[in-house]
file final-v7.cif (mmCIF, N, CA and C atoms)
data_model
#
loop_
_atom_site.label_atom_id
_atom_site.label_comp_id
_atom_site.auth_asym_id
_atom_site.auth_seq_id
_atom_site.Cartn_x
_atom_site.Cartn_y
_atom_site.Cartn_z
N MET A 1 99.35 76.12 84.72
CA MET A 1 100.01 77.10 85.58
C MET A 1 99.51 78.51 85.28
N GLU A 2 99.35 78.81 84.00
CA GLU A 2 98.86 80.15 83.63
C GLU A 2 97.46 80.39 84.17
N ASP A 3 96.66 79.33 84.20
CA ASP A 3 95.30 79.45 84.73
C ASP A 3 95.32 79.87 86.19
N ILE A 4 96.25 79.30 86.94
CA ILE A 4 96.35 79.63 88.37
C ILE A 4 96.75 81.09 88.54
N ILE A 5 97.72 81.53 87.75
CA ILE A 5 98.17 82.93 87.83
C ILE A 5 97.02 83.87 87.45
N GLN A 6 96.29 83.52 86.40
CA GLN A 6 95.16 84.36 85.97
C GLN A 6 94.09 84.39 87.05
N CYS A 7 93.84 83.26 87.68
CA CYS A 7 92.85 83.19 88.76
C CYS A 7 93.27 84.09 89.92
N GLN A 8 94.56 84.06 90.28
CA GLN A 8 95.05 84.91 91.36
C GLN A 8 94.88 86.38 91.01
N ARG A 9 95.17 86.73 89.76
CA ARG A 9 95.00 88.12 89.31
C ARG A 9 93.54 88.54 89.40
N ASN A 10 92.66 87.65 88.99
CA ASN A 10 91.23 87.95 89.05
C ASN A 10 90.78 88.16 90.49
N LEU A 11 91.26 87.30 91.38
CA LEU A 11 90.90 87.44 92.80
C LEU A 11 91.43 88.75 93.37
N GLN A 12 92.65 89.12 93.00
CA GLN A 12 93.21 90.38 93.47
C GLN A 12 92.39 91.56 92.97
N GLU A 13 91.97 91.49 91.71
CA GLU A 13 91.17 92.58 91.13
C GLU A 13 89.82 92.68 91.83
N ILE A 14 89.19 91.54 92.07
CA ILE A 14 87.91 91.52 92.78
C ILE A 14 88.07 92.10 94.18
N HIS A 15 89.16 91.73 94.83
CA HIS A 15 89.43 92.23 96.18
C HIS A 15 89.60 93.76 96.16
N LEU A 16 90.35 94.26 95.18
CA LEU A 16 90.55 95.71 95.07
C LEU A 16 89.24 96.43 94.79
N GLN A 17 88.43 95.85 93.91
CA GLN A 17 87.13 96.46 93.61
C GLN A 17 86.25 96.50 94.85
N SER A 18 86.27 95.43 95.63
CA SER A 18 85.48 95.39 96.86
C SER A 18 85.96 96.44 97.85
N GLN A 19 87.27 96.60 97.97
CA GLN A 19 87.81 97.61 98.87
C GLN A 19 87.39 99.01 98.43
N ARG A 20 87.42 99.26 97.12
CA ARG A 20 87.01 100.57 96.60
C ARG A 20 85.54 100.83 96.90
N LYS A 21 84.71 99.82 96.67
CA LYS A 21 83.27 99.98 96.93
C LYS A 21 83.01 100.24 98.41
N LEU A 22 83.74 99.54 99.27
CA LEU A 22 83.59 99.74 100.71
C LEU A 22 84.00 101.16 101.09
N SER A 23 85.11 101.62 100.53
CA SER A 23 85.56 102.99 100.81
C SER A 23 84.53 104.01 100.34
N ASP A 24 83.96 103.78 99.16
CA ASP A 24 82.93 104.68 98.65
C ASP A 24 81.72 104.71 99.58
N LEU A 25 81.31 103.54 100.05
CA LEU A 25 80.17 103.48 100.97
C LEU A 25 80.47 104.21 102.28
N GLU A 26 81.69 104.03 102.78
CA GLU A 26 82.06 104.71 104.03
C GLU A 26 82.04 106.22 103.83
N LEU A 27 82.53 106.69 102.68
CA LEU A 27 82.49 108.12 102.39
C LEU A 27 81.06 108.63 102.31
N LYS A 28 80.19 107.87 101.66
CA LYS A 28 78.79 108.27 101.55
C LYS A 28 78.14 108.34 102.93
N MET A 29 78.46 107.37 103.79
CA MET A 29 77.90 107.39 105.14
C MET A 29 78.41 108.59 105.92
N ASP A 30 79.70 108.87 105.79
CA ASP A 30 80.27 110.04 106.47
C ASP A 30 79.59 111.32 105.99
N ASN A 31 79.40 111.44 104.69
CA ASN A 31 78.75 112.63 104.13
C ASN A 31 77.32 112.75 104.62
N ALA A 32 76.62 111.62 104.68
CA ALA A 32 75.23 111.63 105.15
C ALA A 32 75.19 112.07 106.61
N ASN A 33 76.14 111.60 107.42
CA ASN A 33 76.18 111.99 108.83
C ASN A 33 76.44 113.48 108.97
N VAL A 34 77.36 114.00 108.18
CA VAL A 34 77.67 115.43 108.23
C VAL A 34 76.43 116.24 107.84
N ASN A 35 75.75 115.80 106.78
CA ASN A 35 74.54 116.51 106.34
C ASN A 35 73.46 116.47 107.41
N ASN A 36 73.28 115.31 108.04
CA ASN A 36 72.27 115.18 109.09
C ASN A 36 72.60 116.07 110.27
N GLU A 37 73.86 116.12 110.66
CA GLU A 37 74.26 116.97 111.78
C GLU A 37 74.02 118.44 111.45
N ALA A 38 74.32 118.83 110.22
CA ALA A 38 74.11 120.22 109.81
C ALA A 38 72.62 120.56 109.86
N GLN A 39 71.78 119.63 109.41
CA GLN A 39 70.33 119.87 109.45
C GLN A 39 69.84 119.97 110.88
N LEU A 40 70.37 119.13 111.77
CA LEU A 40 69.97 119.20 113.18
C LEU A 40 70.35 120.54 113.79
N HIS A 41 71.54 121.01 113.47
CA HIS A 41 71.97 122.31 114.00
C HIS A 41 71.07 123.43 113.49
N GLN A 42 70.67 123.32 112.22
CA GLN A 42 69.78 124.34 111.65
C GLN A 42 68.44 124.32 112.38
N LEU A 43 67.91 123.12 112.62
CA LEU A 43 66.62 123.01 113.30
C LEU A 43 66.70 123.53 114.73
N LYS A 44 67.78 123.24 115.41
CA LYS A 44 67.94 123.71 116.79
C LYS A 44 68.08 125.23 116.84
N GLY A 45 68.65 125.79 115.79
CA GLY A 45 68.86 127.24 115.75
C GLY A 45 67.58 128.00 115.49
N LYS A 46 66.58 127.33 114.94
CA LYS A 46 65.32 128.02 114.61
C LYS A 46 64.42 128.12 115.81
#
call {"tool": "encode", "arguments": {"input": "final-v7.cif", "output": "structure tokens"}}
result
Amino acid sequence: MEDIIQCQRNLQEIHLQSQRKLSDLELKMDNANVNNEAQLHQLKGK
């Protein structure tokens, strides 16, 4: 029984880690998009 509980905890932890990594990737993509848009505006202004 303890093995099952430990397995569930491990799965929950893996799930949380995956969610965090996904959130980090989404933030990086958002930041990259903002940077690209800023560069485009600079180029258009020149």
call {"tool": "atom_distance", "arguments": {"input": "final-v7.cif", "atom1": "atom C of Gln6 in chain A", "atom2": "CA of Asp24 in chain A"}}
result
25.9 Å
call {"tool": "atom_distance", "arguments": {"input": "final-v7.cif", "atom1": "CA of Met1 in chain A", "atom2": "atom C of Leu16 in chain A"}}
result
24.0 Å
call {"tool": "atom_distance", "arguments": {"input": "final-v7.cif", "atom1": "CA of Arg20 in chain A", "atom2": "CA of Ala38 in chain A"}}
result
27.0 Å
call {"tool": "decode", "arguments": {"input": "final-v7.cif", "residues": "range 13-38 of chain A", "atoms": "N, CA and C atoms", "output": "PDB file, in the first residue's frame"}}
result
ATOM      1  N   GLU A  13       4.458  14.792  -8.402  1.00  0.00           N
ATOM      2  CA  GLU A  13       5.653  15.640  -8.471  1.00  0.00           C
ATOM      3  C   GLU A  13       6.115  15.801  -9.920  1.00  0.00           C
ATOM      4  N   ILE A  14       6.114  14.709 -10.665  1.00  0.00           N
ATOM      5  CA  ILE A  14       6.500  14.767 -12.079  1.00  0.00           C
ATOM      6  C   ILE A  14       5.538  15.672 -12.845  1.00  0.00           C
ATOM      7  N   HIS A  15       4.258  15.552 -12.537  1.00  0.00           N
ATOM      8  CA  HIS A  15       3.250  16.388 -13.197  1.00  0.00           C
ATOM      9  C   HIS A  15       3.498  17.866 -12.889  1.00  0.00           C
ATOM     10  N   LEU A  16       3.773  18.181 -11.625  1.00  0.00           N
ATOM     11  CA  LEU A  16       4.042  19.574 -11.245  1.00  0.00           C
ATOM     12  C   LEU A  16       5.295  20.101 -11.931  1.00  0.00           C
ATOM     13  N   GLN A  17       6.329  19.273 -11.986  1.00  0.00           N
ATOM     14  CA  GLN A  17       7.564  19.689 -12.662  1.00  0.00           C
ATOM     15  C   GLN A  17       7.304  19.954 -14.137  1.00  0.00           C
ATOM     16  N   SER A  18       6.509  19.112 -14.765  1.00  0.00           N
ATOM     17  CA  SER A  18       6.183  19.304 -16.182  1.00  0.00           C
ATOM     18  C   SER A  18       5.408  20.600 -16.390  1.00  0.00           C
ATOM     19  N   GLN A  19       4.467  20.880 -15.497  1.00  0.00           N
ATOM     20  CA  GLN A  19       3.697  22.117 -15.606  1.00  0.00           C
ATOM     21  C   GLN A  19       4.607  23.331 -15.459  1.00  0.00           C
ATOM     22  N   ARG A  20       5.551  23.257 -14.516  1.00  0.00           N
ATOM     23  CA  ARG A  20       6.486  24.373 -14.318  1.00  0.00           C
ATOM     24  C   ARG A  20       7.344  24.582 -15.558  1.00  0.00           C
ATOM     25  N   LYS A  21       7.840  23.490 -16.124  1.00  0.00           N
ATOM     26  CA  LYS A  21       8.675  23.599 -17.327  1.00  0.00           C
ATOM     27  C   LYS A  21       7.881  24.186 -18.487  1.00  0.00           C
ATOM     28  N   LEU A  22       6.631  23.767 -18.616  1.00  0.00           N
ATOM     29  CA  LEU A  22       5.781  24.296 -19.679  1.00  0.00           C
ATOM     30  C   LEU A  22       5.548  25.792 -19.481  1.00  0.00           C
ATOM     31  N   SER A  23       5.288  26.188 -18.244  1.00  0.00           N
ATOM     32  CA  SER A  23       5.093  27.614 -17.955  1.00  0.00           C
ATOM     33  C   SER A  23       6.353  28.408 -18.279  1.00  0.00           C
ATOM     34  N   ASP A  24       7.507  27.861 -17.915  1.00  0.00           N
ATOM     35  CA  ASP A  24       8.776  28.534 -18.218  1.00  0.00           C
ATOM     36  C   ASP A  24       8.958  28.697 -19.724  1.00  0.00           C
ATOM     37  N   LEU A  25       8.649  27.646 -20.475  1.00  0.00           N
ATOM     38  CA  LEU A  25       8.775  27.718 -21.932  1.00  0.00           C
ATOM     39  C   LEU A  25       7.825  28.758 -22.519  1.00  0.00           C
ATOM     40  N   GLU A  26       6.601  28.798 -21.996  1.00  0.00           N
ATOM     41  CA  GLU A  26       5.635  29.781 -22.490  1.00  0.00           C
ATOM     42  C   GLU A  26       6.122  31.196 -22.209  1.00  0.00           C
ATOM     43  N   LEU A  27       6.701  31.409 -21.018  1.00  0.00           N
ATOM     44  CA  LEU A  27       7.244  32.727 -20.691  1.00  0.00           C
ATOM     45  C   LEU A  27       8.394  33.092 -21.622  1.00  0.00           C
ATOM     46  N   LYS A  28       9.268  32.130 -21.892  1.00  0.00           N
ATOM     47  CA  LYS A  28      10.391  32.394 -22.796  1.00  0.00           C
ATOM     48  C   LYS A  28       9.892  32.743 -24.194  1.00  0.00           C
ATOM     49  N   MET A  29       8.858  32.034 -24.650  1.00  0.00           N
ATOM     50  CA  MET A  29       8.301  32.326 -25.972  1.00  0.00           C
ATOM     51  C   MET A  29       7.685  33.718 -25.996  1.00  0.00           C
ATOM     52  N   ASP A  30       6.955  34.059 -24.940  1.00  0.00           N
ATOM     53  CA  ASP A  30       6.357  35.395 -24.861  1.00  0.00           C
ATOM     54  C   ASP A  30       7.438  36.464 -24.885  1.00  0.00           C
ATOM     55  N   ASN A  31       8.502  36.253 -24.128  1.00  0.00           N
ATOM     56  CA  ASN A  31       9.599  37.224 -24.091  1.00  0.00           C
ATOM     57  C   ASN A  31      10.267  37.348 -25.452  1.00  0.00           C
ATOM     58  N   ALA A  32      10.453  36.215 -26.123  1.00  0.00           N
ATOM     59  CA  ALA A  32      11.067  36.241 -27.453  1.00  0.00           C
ATOM     60  C   ALA A  32      10.181  37.010 -28.422  1.00  0.00           C
ATOM     61  N   ASN A  33       8.869  36.812 -28.333  1.00  0.00           N
ATOM     62  CA  ASN A  33       7.946  37.531 -29.211  1.00  0.00           C
ATOM     63  C   ASN A  33       8.007  39.031 -28.954  1.00  0.00           C
ATOM     64  N   VAL A  34       8.042  39.413 -27.689  1.00  0.00           N
ATOM     65  CA  VAL A  34       8.122  40.838 -27.341  1.00  0.00           C
ATOM     66  C   VAL A  34       9.419  41.428 -27.887  1.00  0.00           C
ATOM     67  N   ASN A  35      10.523  40.705 -27.719  1.00  0.00           N
ATOM     68  CA  ASN A  35      11.812  41.191 -28.220  1.00  0.00           C
ATOM     69  C   ASN A  35      11.798  41.323 -29.736  1.00  0.00           C
ATOM     70  N   ASN A  36      11.222  40.339 -30.419  1.00  0.00           N
ATOM     71  CA  ASN A  36      11.154  40.390 -31.881  1.00  0.00           C
ATOM     72  C   ASN A  36      10.304  41.561 -32.346  1.00  0.00           C
ATOM     73  N   GLU A  37       9.187  41.797 -31.681  1.00  0.00           N
ATOM     74  CA  GLU A  37       8.327  42.920 -32.056  1.00  0.00           C
ATOM     75  C   GLU A  37       9.051  44.244 -31.842  1.00  0.00           C
ATOM     76  N   ALA A  38       9.788  44.353 -30.749  1.00  0.00           N
ATOM     77  CA  ALA A  38      10.534  45.580 -30.474  1.00  0.00           C
ATOM     78  C   ALA A  38      11.591  45.809 -31.551  1.00  0.00           C
TER      79      ALA A  38
END
